[in-house]
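Engineer: Here it is: the structure, laid out below.
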Amino acid sequence: MMVHEDCVFCNIIKGDIPAAKVYEDEKVFAFLDIAPAQKGHTLVIPKVHYESFMDMPKEELSAVMEAVKKIAPAVVEGSGAEAFNLGVNNGEAAGQVVMHAHFHIIPRKKDDGLQMWSQGKYEPEEMEEYKNRILAVL
Ligand code: AMP
């Protein structure tokens, strides 16, 4: 299905829910996140409704990625930042709340205090074990 009636992002694309739009082309739409991790935090989405970026066909995914490459430098410069994080929360357990595929562009400055994720460590042999478990699926 192209549009989901009760999807907040589909309704933003339709213009039924207001948003601070920064970009639009035939396949892609981008707007500011209403609850930014940093000011200028932007969401880039396909116009067609896919729950996850994993569901997106190659052409849509590459259109969104091309748009990210255009938009990210503008987000950085426009926000007075130095760099950016590009993020995807894929699935509920990973923090995905809106089930319409989207990419977060988060402008970053040195020492801005934003902690994206903590880092742990492997027990001896564990890294090899995880590598092998992943390889077995691939
Ligand atoms: P995620 O947790 O990856 O699903 O991210 C969804 C994002 O959408 C969150 O960062 C929300 O702040 C953002 N969001 C939800 N509703 C709106 C809205 N109406 N306008 C702009 N951003 C929104």
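All residue names refer to the structure tokens as shown: chains lettered A, B, ... in order, residues numbered from 1 in each chain, ligands numbered from 1 in order.
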Write out as a VMD selection string the residues lying within 12 Å of Ala83 (chain A), counting only C-alpha atoms and excluding same-chain residues fewer than 2 positions away.

Structural biologist: chain A and resid 38 40 to 41 72 to 81 85 to 86 105 to 112

Engineer: May I have the residues from that selection written out with N, CA and C atoms, as a PDB file, in the first residue's frame?

Structural biologist:
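What follows is the written file result.pdb:
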```pdb
ATOM      1  N   GLN A  38      19.363  16.890  18.830  1.00  0.00           N
ATOM      2  CA  GLN A  38      20.086  18.162  18.730  1.00  0.00           C
ATOM      3  C   GLN A  38      19.261  19.036  17.797  1.00  0.00           C
ATOM      4  N   GLY A  40      18.004  20.895  14.741  1.00  0.00           N
ATOM      5  CA  GLY A  40      18.317  20.636  13.334  1.00  0.00           C
ATOM      6  C   GLY A  40      18.140  19.158  12.969  1.00  0.00           C
ATOM      7  N   HIS A  41      17.950  18.307  13.970  1.00  0.00           N
ATOM      8  CA  HIS A  41      17.703  16.859  13.778  1.00  0.00           C
ATOM      9  C   HIS A  41      16.611  16.684  12.709  1.00  0.00           C
ATOM     10  N   ALA A  72      22.238  16.183   4.425  1.00  0.00           N
ATOM     11  CA  ALA A  72      23.098  16.155   5.622  1.00  0.00           C
ATOM     12  C   ALA A  72      24.065  17.342   5.690  1.00  0.00           C
ATOM     13  N   PRO A  73      24.753  17.716   4.595  1.00  0.00           N
ATOM     14  CA  PRO A  73      25.657  18.877   4.707  1.00  0.00           C
ATOM     15  C   PRO A  73      24.896  20.168   5.022  1.00  0.00           C
ATOM     16  N   ALA A  74      23.652  20.274   4.513  1.00  0.00           N
ATOM     17  CA  ALA A  74      22.846  21.472   4.802  1.00  0.00           C
ATOM     18  C   ALA A  74      22.416  21.482   6.268  1.00  0.00           C
ATOM     19  N   VAL A  75      22.091  20.290   6.799  1.00  0.00           N
ATOM     20  CA  VAL A  75      21.716  20.189   8.219  1.00  0.00           C
ATOM     21  C   VAL A  75      22.906  20.604   9.084  1.00  0.00           C
ATOM     22  N   VAL A  76      24.082  20.112   8.720  1.00  0.00           N
ATOM     23  CA  VAL A  76      25.294  20.423   9.500  1.00  0.00           C
ATOM     24  C   VAL A  76      25.565  21.927   9.457  1.00  0.00           C
ATOM     25  N   GLU A  77      25.627  22.476   8.241  1.00  0.00           N
ATOM     26  CA  GLU A  77      25.970  23.904   8.120  1.00  0.00           C
ATOM     27  C   GLU A  77      24.864  24.788   8.700  1.00  0.00           C
ATOM     28  N   GLY A  78      23.623  24.452   8.370  1.00  0.00           N
ATOM     29  CA  GLY A  78      22.488  25.252   8.845  1.00  0.00           C
ATOM     30  C   GLY A  78      22.330  25.219  10.359  1.00  0.00           C
ATOM     31  N   SER A  79      22.802  24.157  10.984  1.00  0.00           N
ATOM     32  CA  SER A  79      22.689  24.039  12.448  1.00  0.00           C
ATOM     33  C   SER A  79      23.940  24.535  13.145  1.00  0.00           C
ATOM     34  N   GLY A  80      24.910  25.002  12.385  1.00  0.00           N
ATOM     35  CA  GLY A  80      26.168  25.453  12.989  1.00  0.00           C
ATOM     36  C   GLY A  80      26.934  24.289  13.603  1.00  0.00           C
ATOM     37  N   ALA A  81      26.768  23.096  13.010  1.00  0.00           N
ATOM     38  CA  ALA A  81      27.431  21.902  13.552  1.00  0.00           C
ATOM     39  C   ALA A  81      28.708  21.608  12.768  1.00  0.00           C
ATOM     40  N   ASN A  85      25.463  12.398  12.825  1.00  0.00           N
ATOM     41  CA  ASN A  85      25.187  10.961  12.914  1.00  0.00           C
ATOM     42  C   ASN A  85      24.028  10.654  11.990  1.00  0.00           C
ATOM     43  N   LEU A  86      24.132   9.514  11.311  1.00  0.00           N
ATOM     44  CA  LEU A  86      23.023   9.008  10.497  1.00  0.00           C
ATOM     45  C   LEU A  86      22.524   7.754  11.195  1.00  0.00           C
ATOM     46  N   ILE A 105      19.030  12.224  10.683  1.00  0.00           N
ATOM     47  CA  ILE A 105      20.294  12.965  10.540  1.00  0.00           C
ATOM     48  C   ILE A 105      20.399  13.867  11.768  1.00  0.00           C
ATOM     49  N   ILE A 106      21.412  13.629  12.584  1.00  0.00           N
ATOM     50  CA  ILE A 106      21.574  14.388  13.832  1.00  0.00           C
ATOM     51  C   ILE A 106      22.867  15.197  13.762  1.00  0.00           C
ATOM     52  N   PRO A 107      22.724  16.534  13.711  1.00  0.00           N
ATOM     53  CA  PRO A 107      23.932  17.366  13.635  1.00  0.00           C
ATOM     54  C   PRO A 107      24.715  17.299  14.941  1.00  0.00           C
ATOM     55  N   ARG A 108      26.036  17.263  14.838  1.00  0.00           N
ATOM     56  CA  ARG A 108      26.872  17.107  16.023  1.00  0.00           C
ATOM     57  C   ARG A 108      27.979  18.148  16.098  1.00  0.00           C
ATOM     58  N   LYS A 109      28.276  18.532  17.341  1.00  0.00           N
ATOM     59  CA  LYS A 109      29.427  19.387  17.622  1.00  0.00           C
ATOM     60  C   LYS A 109      30.302  18.640  18.604  1.00  0.00           C
ATOM     61  N   LYS A 110      31.597  18.911  18.549  1.00  0.00           N
ATOM     62  CA  LYS A 110      32.503  18.314  19.531  1.00  0.00           C
ATOM     63  C   LYS A 110      32.005  18.670  20.928  1.00  0.00           C
ATOM     64  N   ASP A 111      32.038  17.729  21.838  1.00  0.00           N
ATOM     65  CA  ASP A 111      31.654  17.966  23.234  1.00  0.00           C
ATOM     66  C   ASP A 111      30.216  18.452  23.400  1.00  0.00           C
ATOM     67  N   ASP A 112      29.299  18.023  22.499  1.00  0.00           N
ATOM     68  CA  ASP A 112      27.893  18.433  22.685  1.00  0.00           C
ATOM     69  C   ASP A 112      27.184  17.576  23.731  1.00  0.00           C
TER      70      ASP A 112
END
```

Engineer: Using only C-alpha atoms, which residues of region 92-130 of chain A come within 10 Å of region 54-65 of chain A, and what is the closest atom pair for each, with the distance in Å to one decimal? Give it as a tab-separated table, sorted by chain and residue number.

Structural biologist:
```
residue	atom	partner	partner_atom	distance
A:Ala101	CA	A:Met56	CA	8.2
A:His102	CA	A:Val64	CA	9.1
A:Phe103	CA	A:Val64	CA	8.6
```

Engineer: Would you mind listing what lies within 9 Å of Val28 (chain A) as number ranges by chain, with only C-alpha atoms counted and same-chain residues fewer than 3 positions away left out?

Structural biologist: A: 23-25, 44-48, 60, 63-64, 67

Engineer: Hey, can you spit out that residue selection with C-alpha atoms as a PDB file, in the first residue's frame?

Structural biologist:
```
ATOM      1  CA  TYR A  23      13.289  18.719   1.300  1.00  0.00           C
ATOM      2  CA  GLU A  24      11.004  16.960  -1.153  1.00  0.00           C
ATOM      3  CA  ASP A  25      11.451  15.169  -4.465  1.00  0.00           C
ATOM      4  CA  VAL A  44      14.439  11.559   5.785  1.00  0.00           C
ATOM      5  CA  ILE A  45      11.669   9.232   4.622  1.00  0.00           C
ATOM      6  CA  PRO A  46      10.429   7.472   1.488  1.00  0.00           C
ATOM      7  CA  LYS A  47       7.072   8.799   0.248  1.00  0.00           C
ATOM      8  CA  VAL A  48       5.811   5.252  -0.150  1.00  0.00           C
ATOM      9  CA  GLU A  60      13.684   3.727  -3.181  1.00  0.00           C
ATOM     10  CA  ALA A  63      16.783   7.670  -3.729  1.00  0.00           C
ATOM     11  CA  VAL A  64      16.585   8.162   0.048  1.00  0.00           C
ATOM     12  CA  ALA A  67      18.734  12.672  -0.616  1.00  0.00           C
TER      13      ALA A  67
END
```

Engineer: Please give me, as a ChimeraX atom specification, the residues lying within 10 Å of ligand 1 when counting only C-alpha atoms and all ligand atoms.

Structural biologist: /A:7-9,11-12,17-21,30-37,41-43,52,87-92,94-104

Engineer: Find the distance between CA of Glu66 (chain A) and CA of Glu82 (chain A) and write it in Å to one decimal.

Structural biologist: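 Going from CA of Glu66 (chain A) over to CA of Glu82 (chain A), I get 20.3 Å.
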
Engineer: I'd like the interatomic distance between CA of Leu135 (chain A) and CA of Ser118 (chain A), to a tenth of an Å.

Structural biologist: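 Computed distance, CA of Leu135 (chain A) to CA of Ser118 (chain A), equals 24.7 Å.
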
Engineer: Which parts of region 78-131 of chain A does DSSP call helix (DSSP H, G or I) when run on the backbone here, written out as a PyMOL selection string?

Structural biologist: chain A and resi 78+92-94+126-131

Engineer: Write out as a list in words all residues of chain A that DSSP puts in strand (DSSP E or B) for this structure's backbone.

Structural biologist: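 DSSP on the backbone gives strand (DSSP E or B) at Lys21, Val22, Tyr23, Glu24, Val28, Phe29, Ala30, Phe31, Leu32, Thr42, Leu43, Val44, Ile45, Pro46, Ala83, Phe84, Asn85, Leu86, Gly87, Phe103, His104, Ile105, Ile106, Pro107 and Arg108 of chain A.
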